[in-house]
>>> print(open('start-v9.txt').read())   # compact mmCIF, C-alpha atoms
# COMPACT_ATOMS: atom_id res chain seq x y z
CA MET A 1 -119.85 79.52 3.56
CA PRO A 2 -120.44 82.02 0.70
CA GLN A 3 -122.23 85.31 1.46
CA PRO A 4 -125.76 85.93 0.09
CA PRO A 5 -125.76 87.73 -3.29
CA LYS A 6 -127.71 90.71 -1.93
CA ARG A 7 -125.09 91.56 0.69
CA ARG A 8 -122.26 91.21 -1.81
CA SER A 9 -124.09 93.53 -4.25
CA ALA A 10 -124.74 96.15 -1.54
CA GLY A 11 -121.09 96.09 -0.56
CA LYS A 12 -120.01 96.80 -4.10
CA ILE A 13 -122.43 99.71 -4.49
CA VAL A 14 -121.14 101.59 -1.44
CA GLY A 15 -117.49 100.67 -2.04
CA PHE A 16 -116.93 98.33 0.92
CA GLY A 17 -116.48 95.01 -0.89
CA CYS A 18 -113.09 94.40 0.79
CA LEU A 19 -113.96 95.29 4.37
CA GLY A 20 -115.38 91.91 5.30
CA VAL A 21 -118.61 90.62 6.71
CA PHE A 22 -118.69 92.90 9.75
CA ALA A 23 -118.36 96.07 7.72
CA LEU A 24 -121.05 94.90 5.33
CA PHE A 25 -123.50 94.31 8.19
CA VAL A 26 -122.80 97.79 9.55
CA VAL A 27 -123.35 99.42 6.15
CA ILE A 28 -126.48 97.40 5.44
CA GLY A 29 -127.84 98.32 8.86
CA ILE A 30 -127.28 102.03 8.20
CA ILE A 31 -128.89 101.80 4.76
CA GLY A 32 -131.85 99.91 6.18
CA SER A 33 -132.34 102.54 8.86
CA VAL A 34 -132.25 105.40 6.35
CA VAL A 35 -134.65 103.63 4.00
CA GLY A 36 -136.99 102.84 6.87
CA ASP A 37 -137.08 106.49 7.97
CA GLY A 38 -137.72 107.59 4.40
CA ASP A 39 -140.62 105.17 4.02
CA SER A 40 -142.10 106.35 7.28
CA LYS A 41 -141.91 109.98 6.21
CA ASN A 42 -143.38 109.20 2.81
CA GLY A 43 -146.17 107.29 4.45
CA ASP A 44 -146.98 110.21 6.73
CA HIS A 45 -146.95 112.64 3.81
CA THR A 46 -149.24 110.46 1.74
CA SER A 47 -151.63 110.07 4.62
CA SER A 48 -151.67 113.83 5.24
CA ALA A 49 -152.23 114.55 1.56
CA LYS A 50 -155.14 112.16 1.44
CA GLY A 51 -156.67 113.73 4.51
CA SER A 52 -156.47 117.26 3.10
CA ALA A 53 -157.62 116.56 -0.45
CA PRO A 54 -160.69 118.66 -1.41
CA THR A 55 -163.96 116.88 -2.00
CA ASP A 56 -166.60 117.50 -4.67
CA THR A 57 -169.14 118.65 -2.10
CA ALA A 58 -167.85 122.24 -1.89
CA SER A 59 -170.67 124.73 -2.42
CA PRO A 60 -170.58 127.49 -5.09
CA LYS A 61 -170.36 130.09 -2.31
CA SER A 62 -167.24 128.48 -0.82
CA ALA A 63 -165.74 128.27 -4.30
CA ALA A 64 -166.38 131.98 -4.76
CA ARG A 65 -164.67 132.75 -1.44
CA LYS A 66 -161.60 130.88 -2.64
CA GLY A 67 -161.44 133.08 -5.73
CA ASP A 68 -162.65 130.47 -8.23
CA ALA A 69 -164.67 131.63 -11.22
CA PRO A 70 -168.43 131.50 -10.53
CA SER A 71 -170.46 128.81 -12.21
CA LYS A 72 -172.99 129.77 -14.86
CA ASP A 73 -175.64 128.22 -12.62
CA VAL A 74 -174.76 130.31 -9.57
CA LYS A 75 -177.51 132.82 -8.91
CA GLY A 76 -176.21 136.34 -8.47
CA SER A 77 -173.00 135.70 -10.43
CA ASP A 78 -171.49 138.17 -12.87
CA LEU A 79 -173.66 136.71 -15.62
CA ASP A 80 -176.76 138.07 -13.89
CA GLU A 81 -175.52 141.65 -13.56
CA THR A 82 -177.68 143.10 -16.34
CA SER A 83 -180.90 141.89 -14.75
CA THR A 84 -180.03 143.28 -11.30
CA SER A 85 -178.66 146.66 -12.44
CA ALA A 86 -181.49 147.67 -14.80
CA LEU A 87 -183.19 150.95 -13.92
CA GLY A 88 -186.62 149.72 -14.96
CA GLY A 89 -188.82 152.05 -16.99
CA ASP A 90 -189.58 151.72 -20.69
CA ILE A 91 -187.19 152.47 -23.53
CA ALA A 92 -189.95 152.97 -26.16
CA PRO A 93 -191.36 156.31 -24.88
CA TRP A 94 -187.81 157.55 -24.35
CA VAL A 95 -186.95 156.86 -28.00
CA ALA A 96 -190.20 158.53 -29.11
CA LYS A 97 -189.50 161.63 -27.00
CA MET A 98 -185.94 161.98 -28.30
CA THR A 99 -187.26 161.56 -31.85
CA SER A 100 -189.68 164.43 -31.25
CA HIS A 101 -186.65 166.59 -30.41
CA GLY A 102 -185.21 165.88 -33.87
CA VAL A 103 -183.01 162.86 -33.17
CA THR A 104 -182.17 160.62 -36.14
CA TRP A 105 -181.31 157.15 -34.92
CA GLU A 106 -178.17 155.34 -36.01
CA LYS A 107 -178.78 152.44 -33.61
CA GLN A 108 -182.07 151.28 -32.18
CA GLY A 109 -181.51 148.29 -29.96
CA ALA A 110 -178.46 147.01 -31.82
CA LYS A 111 -176.88 144.07 -30.02
CA GLU A 112 -173.44 144.82 -28.62
CA SER A 113 -170.87 142.33 -27.36
CA ILE A 114 -167.90 143.48 -25.29
CA ALA A 115 -165.36 140.96 -24.04
CA GLY A 116 -165.84 140.19 -20.36
CA LEU A 117 -169.25 141.88 -20.12
CA PRO A 118 -172.82 140.60 -20.52
CA PRO A 119 -174.45 141.31 -23.91
CA THR A 120 -176.33 144.61 -24.24
CA ARG A 121 -178.36 146.65 -26.71
CA ASP A 122 -177.27 150.09 -27.89
CA TRP A 123 -179.55 153.02 -28.73
CA PHE A 124 -177.76 156.00 -30.29
CA GLY A 125 -179.08 158.99 -32.24
CA GLU A 126 -178.16 162.57 -33.09
CA ALA A 127 -180.01 165.82 -33.71
CA LYS A 128 -177.74 167.70 -36.09
CA GLY A 129 -177.49 171.42 -36.63
CA THR A 130 -176.76 174.35 -34.33
CA PRO A 131 -177.41 173.69 -31.57
CA SER A 132 -177.08 169.89 -31.74
CA PHE A 133 -177.20 167.00 -29.32
CA VAL A 134 -176.89 163.23 -29.11
CA ALA A 135 -179.00 160.77 -27.14
CA HIS A 136 -177.61 157.44 -25.96
CA ALA A 137 -179.10 154.54 -24.03
CA ILE A 138 -177.79 151.13 -23.08
CA THR A 139 -180.17 148.32 -22.18
CA ASP A 140 -179.86 144.65 -21.38
CA THR A 141 -181.05 142.06 -23.90
CA ASP A 142 -184.58 142.28 -22.42
CA ARG A 143 -184.53 146.06 -23.05
CA GLY A 144 -184.19 146.83 -19.36
CA ILE A 145 -182.56 150.28 -19.16
CA LEU A 146 -179.01 150.31 -17.78
CA SER A 147 -178.10 153.94 -18.53
CA LEU A 148 -179.35 157.06 -20.30
CA SER A 149 -177.35 160.09 -21.41
CA CYS A 150 -177.59 163.21 -23.58
CA ASN A 151 -174.83 165.57 -24.72
CA SER A 152 -175.43 168.95 -26.33
CA VAL A 153 -173.31 171.62 -27.96
CA GLY A 154 -173.86 175.08 -29.42
CA PHE A 155 -176.70 176.41 -27.24
CA PRO A 156 -176.30 180.20 -26.93
CA LYS A 157 -175.38 181.53 -23.50
CA GLY A 158 -178.42 182.92 -21.69
CA SER A 159 -180.80 180.83 -23.81
CA SER A 160 -180.94 177.44 -22.15
CA SER A 161 -184.67 176.71 -22.18
CA GLU A 162 -184.42 174.19 -25.03
CA GLN A 163 -181.45 172.50 -23.41
CA VAL A 164 -183.35 172.25 -20.11
CA ALA A 165 -186.29 170.65 -21.92
CA ILE A 166 -184.09 168.09 -23.70
CA PHE A 167 -182.16 167.14 -20.56
CA THR A 168 -185.37 166.85 -18.54
CA ASP A 169 -186.94 164.55 -21.14
CA CYS A 170 -183.69 162.58 -21.42
CA VAL A 171 -184.02 161.54 -17.77
CA THR A 172 -187.79 161.46 -17.22
CA ALA A 173 -189.29 160.17 -20.49
CA ALA A 174 -188.53 156.52 -19.68
CA ASP A 175 -190.30 156.81 -16.30
CA LEU A 176 -187.51 155.00 -14.44
CA ASP A 177 -188.24 153.07 -11.26
CA GLY A 178 -187.55 154.92 -8.00
CA ILE A 179 -186.92 158.27 -9.73
CA ASP A 180 -188.88 161.34 -8.66
CA ASN A 181 -189.47 163.00 -12.03
CA ALA A 182 -190.77 166.21 -10.47
CA ARG A 183 -187.62 166.51 -8.38
CA VAL A 184 -185.44 165.84 -11.43
CA ARG A 185 -187.28 168.48 -13.45
CA THR A 186 -186.84 171.12 -10.73
CA TRP A 187 -183.17 170.19 -10.25
CA ILE A 188 -182.36 170.59 -13.96
CA GLN A 189 -184.34 173.83 -14.30
CA THR A 190 -182.49 175.31 -11.33
CA LYS A 191 -178.97 173.98 -11.86
CA LEU A 192 -178.40 173.94 -15.62
CA PRO A 193 -178.87 177.67 -16.43
CA ALA A 194 -176.69 178.65 -13.45
CA MET A 195 -173.97 176.23 -14.51
CA LEU A 196 -173.93 177.58 -18.07
CA ASP A 197 -173.80 181.17 -16.85
CA LYS A 198 -170.77 180.50 -14.65
CA GLY A 199 -168.60 179.37 -17.54
CA GLY A 200 -165.69 176.98 -17.19
CA MET A 201 -166.33 173.44 -16.08
CA GLN A 202 -169.22 172.86 -13.68
CA VAL A 203 -170.46 169.56 -12.24
CA GLU A 204 -173.60 168.74 -10.26
CA ASN A 205 -174.84 165.37 -8.97
CA LEU A 206 -178.16 164.06 -7.70
CA ALA A 207 -178.66 160.63 -6.13
CA PHE A 208 -181.72 158.43 -5.72
CA GLY A 209 -180.43 155.59 -3.59
CA LYS A 210 -177.99 153.67 -5.77
CA VAL A 211 -179.04 155.56 -8.89
CA ALA A 212 -176.74 158.47 -9.76
CA LEU A 213 -177.67 161.46 -11.89
CA SER A 214 -174.77 163.62 -13.10
CA MET A 215 -174.74 166.86 -15.08
CA ASP A 216 -171.72 168.85 -16.26
CA THR A 217 -171.08 171.89 -18.45
CA ALA A 218 -168.07 173.48 -20.14
CA GLY A 219 -168.52 176.55 -22.30
CA ASN A 220 -171.47 175.97 -24.62
CA THR A 221 -171.45 172.20 -24.14
CA ALA A 222 -173.33 170.19 -21.57
CA ALA A 223 -173.98 166.56 -20.67
CA ILE A 224 -176.33 164.65 -18.42
CA SER A 225 -176.41 160.95 -17.54
CA ILE A 226 -178.15 158.56 -15.19
CA GLU A 227 -177.11 155.04 -14.28
CA GLN A 228 -177.06 152.46 -11.50
CA GLN A 229 -174.02 152.56 -9.21
>>> encode(input="start-v9.txt", output="structure tokens")
Amino acid sequence: MPQPPKRRSAGKIVGFGCLGVFALFVVIGIIGSVVGDGDSKNGDHTSSAKGSAPTDTASPKSAARKGDAPSKDVKGSDLDETSTSALGGDIAPWVAKMTSHGVTWEKQGAKESIAGLPPTRDWFGEAKGTPSFVAHAITDTDRGILSLSCNSVGFPKGSSSEQVAIFTDCVTAADLDGIDNARVRTWIQTKLPAMLDKGGMQVENLAFGKVALSMDTAGNTAAISIEQQ
């Protein structure tokens, strides 16, 4: 009786076409066993993969913990940084006070876009001459103050009263939230003349919670800045 076509084909594939019926049954049995094991393993793997597949119910917080980029709708994400880091206060009286000190403005609320950062507005002006100084502020798009700074150069040693006045107004004119203006005024009046008299590079810092005030001098130059940390 002729053998079934499938057995004859399997025997040819594995090279046992001449070994007879017994050999073919042995080979087919081995192949069937291997295939069966493979199917079982594949079935287990598929089942495991299905069981571990993520669902669409993950919360934004869990996504953030996994390192995924925050959604635009997630409150408190990087897109909200400008609103949470503003120092409060009012930029208008600050601009007016710096103008009264002779500042000519090159930028007054010009929109700035920096890759990877929220949009801001830039306020930059300079009082030219000798001595001279620049005033710089950065705000969010709602004009909430993010930072203030002033840099000066050319003030004669031993004559720092004008520089003290400018630096004091640079910090206090905007009436920032949580800042003790009287304390700032006393700090600048005490520290700045002493720093200029010492020569070399001098640095002093004053903190109001998370708000940092920094002042440094080098020769006849000086700088002061305040921002949220």
>>> residues_around(input="start-v9.txt", residues="Asp175 (chain A)", least_positions_apart="2", cutoff="7 Å", atoms="all atoms listed in the file", output="number ranges by chain")
A: 89-90, 172-173, 177
>>> residues_around(input="start-v9.txt", residues="region 210-227 of chain A", least_positions_apart="2", cutoff="9 Å", atoms="only C-alpha atoms", output="mmCIF file with C-alpha atoms, in the frame of the given file")
data_model
loop_
_atom_site.group_PDB
_atom_site.id
_atom_site.type_symbol
_atom_site.label_atom_id
_atom_site.label_comp_id
_atom_site.auth_asym_id
_atom_site.auth_seq_id
_atom_site.Cartn_x
_atom_site.Cartn_y
_atom_site.Cartn_z
ATOM 1 C CA SER A 85 -178.660 146.660 -12.440
ATOM 2 C CA ALA A 86 -181.490 147.670 -14.800
ATOM 3 C CA LEU A 87 -183.190 150.950 -13.920
ATOM 4 C CA ILE A 145 -182.560 150.280 -19.160
ATOM 5 C CA LEU A 146 -179.010 150.310 -17.780
ATOM 6 C CA SER A 147 -178.100 153.940 -18.530
ATOM 7 C CA LEU A 148 -179.350 157.060 -20.300
ATOM 8 C CA SER A 149 -177.350 160.090 -21.410
ATOM 9 C CA CYS A 150 -177.590 163.210 -23.580
ATOM 10 C CA ASN A 151 -174.830 165.570 -24.720
ATOM 11 C CA SER A 152 -175.430 168.950 -26.330
ATOM 12 C CA VAL A 153 -173.310 171.620 -27.960
ATOM 13 C CA GLY A 154 -173.860 175.080 -29.420
ATOM 14 C CA PHE A 155 -176.700 176.410 -27.240
ATOM 15 C CA PRO A 156 -176.300 180.200 -26.930
ATOM 16 C CA LYS A 157 -175.380 181.530 -23.500
ATOM 17 C CA GLN A 163 -181.450 172.500 -23.410
ATOM 18 C CA PHE A 167 -182.160 167.140 -20.560
ATOM 19 C CA CYS A 170 -183.690 162.580 -21.420
ATOM 20 C CA VAL A 171 -184.020 161.540 -17.770
ATOM 21 C CA GLY A 178 -187.550 154.920 -8.000
ATOM 22 C CA ILE A 179 -186.920 158.270 -9.730
ATOM 23 C CA VAL A 184 -185.440 165.840 -11.430
ATOM 24 C CA ILE A 188 -182.360 170.590 -13.960
ATOM 25 C CA LYS A 191 -178.970 173.980 -11.860
ATOM 26 C CA LEU A 192 -178.400 173.940 -15.620
ATOM 27 C CA MET A 195 -173.970 176.230 -14.510
ATOM 28 C CA LEU A 196 -173.930 177.580 -18.070
ATOM 29 C CA ASP A 197 -173.800 181.170 -16.850
ATOM 30 C CA LYS A 198 -170.770 180.500 -14.650
ATOM 31 C CA GLY A 199 -168.600 179.370 -17.540
ATOM 32 C CA GLY A 200 -165.690 176.980 -17.190
ATOM 33 C CA MET A 201 -166.330 173.440 -16.080
ATOM 34 C CA GLN A 202 -169.220 172.860 -13.680
ATOM 35 C CA VAL A 203 -170.460 169.560 -12.240
ATOM 36 C CA GLU A 204 -173.600 168.740 -10.260
ATOM 37 C CA ASN A 205 -174.840 165.370 -8.970
ATOM 38 C CA LEU A 206 -178.160 164.060 -7.700
ATOM 39 C CA ALA A 207 -178.660 160.630 -6.130
ATOM 40 C CA PHE A 208 -181.720 158.430 -5.720
ATOM 41 C CA GLN A 229 -174.020 152.560 -9.210
#
>>> closest_residue(input="start-v9.txt", among="A:Ile138, A:Leu176, A:Ala115, A:Ala165", to="Ser100 (chain A)", atoms="only C-alpha atoms")
A:Ala165
>>> atom_distance(input="start-v9.txt", atom1="CA of Glu106 (chain A)", atom2="CA of Phe124 (chain A)")
5.8 Å
>>> atom_distance(input="start-v9.txt", atom1="CA of Glu112 (chain A)", atom2="CA of Asp142 (chain A)")
13.0 Å
>>> atom_distance(input="start-v9.txt", atom1="CA of Thr120 (chain A)", atom2="CA of Gln228 (chain A)")
15.0 Å
>>> residues_around(input="start-v9.txt", residues="Arg121 (chain A)", least_positions_apart="6", cutoff="7 Å", atoms="only C-alpha atoms", output="compact mmCIF listing (two decimals) with C-alpha atoms, keeping the file's coordinate frame")
# COMPACT_ATOMS: atom_id res chain seq x y z
CA GLY A 109 -181.51 148.29 -29.96
CA ALA A 110 -178.46 147.01 -31.82
CA LYS A 111 -176.88 144.07 -30.02
CA GLU A 112 -173.44 144.82 -28.62
CA ILE A 138 -177.79 151.13 -23.08
CA THR A 139 -180.17 148.32 -22.18
CA ASP A 140 -179.86 144.65 -21.38
CA THR A 141 -181.05 142.06 -23.90
>>> closest_residue(input="start-v9.txt", among="A:Ala96, A:Ile114, A:Val103, A:Ala182", to="Glu126 (chain A)", atoms="all atoms listed in the file")
A:Val103
>>> closest_residue(input="start-v9.txt", among="A:Gly144, A:Ser132, A:Asn181, A:Pro193", to="Ser161 (chain A)", atoms="only C-alpha atoms")
A:Pro193
>>> decode(input="start-v9.txt", residues="region 213-226 of chain A", atoms="N, CA and C atoms", output="mmCIF file, in the first residue's frame")
data_model
loop_
_atom_site.group_PDB
_atom_site.id
_atom_site.type_symbol
_atom_site.label_atom_id
_atom_site.label_comp_id
_atom_site.auth_asym_id
_atom_site.auth_seq_id
_atom_site.Cartn_x
_atom_site.Cartn_y
_atom_site.Cartn_z
ATOM 1 N N LEU A 213 18.484 87.458 45.713
ATOM 2 C CA LEU A 213 19.036 88.758 45.347
ATOM 3 C C LEU A 213 20.552 88.637 45.391
ATOM 4 N N SER A 214 21.216 89.009 44.295
ATOM 5 C CA SER A 214 22.674 88.866 44.216
ATOM 6 C C SER A 214 23.287 90.180 43.760
ATOM 7 N N MET A 215 24.420 90.532 44.384
ATOM 8 C CA MET A 215 25.129 91.757 44.022
ATOM 9 C C MET A 215 26.624 91.452 43.966
ATOM 10 N N ASP A 216 27.287 91.913 42.912
ATOM 11 C CA ASP A 216 28.730 91.680 42.803
ATOM 12 C C ASP A 216 29.415 92.917 42.236
ATOM 13 N N THR A 217 30.680 93.079 42.583
ATOM 14 C CA THR A 217 31.486 94.210 42.118
ATOM 15 C C THR A 217 32.859 93.724 41.677
ATOM 16 N N ALA A 218 33.463 94.485 40.767
ATOM 17 C CA ALA A 218 34.831 94.216 40.311
ATOM 18 C C ALA A 218 35.390 95.521 39.770
ATOM 19 N N GLY A 219 36.324 96.111 40.498
ATOM 20 C CA GLY A 219 36.845 97.411 40.078
ATOM 21 C C GLY A 219 35.765 98.471 40.166
ATOM 22 N N ASN A 220 35.544 99.200 39.037
ATOM 23 C CA ASN A 220 34.510 100.232 39.037
ATOM 24 C C ASN A 220 33.234 99.752 38.346
ATOM 25 N N THR A 221 33.044 98.445 38.318
ATOM 26 C CA THR A 221 31.808 97.882 37.756
ATOM 27 C C THR A 221 31.034 97.160 38.856
ATOM 28 N N ALA A 222 29.734 97.113 38.691
ATOM 29 C CA ALA A 222 28.896 96.449 39.679
ATOM 30 C C ALA A 222 27.631 95.936 39.002
ATOM 31 N N ALA A 223 27.035 94.916 39.593
ATOM 32 C CA ALA A 223 25.802 94.350 39.047
ATOM 33 C C ALA A 223 24.924 93.880 40.178
ATOM 34 N N ILE A 224 23.618 93.945 39.959
ATOM 35 C CA ILE A 224 22.656 93.441 40.930
ATOM 36 C C ILE A 224 21.525 92.757 40.161
ATOM 37 N N SER A 225 20.990 91.678 40.715
ATOM 38 C CA SER A 225 19.906 90.964 40.044
ATOM 39 C C SER A 225 19.022 90.292 41.081
ATOM 40 N N ILE A 226 17.781 90.071 40.694
ATOM 41 C CA ILE A 226 16.834 89.370 41.557
ATOM 42 C C ILE A 226 15.958 88.475 40.686
#
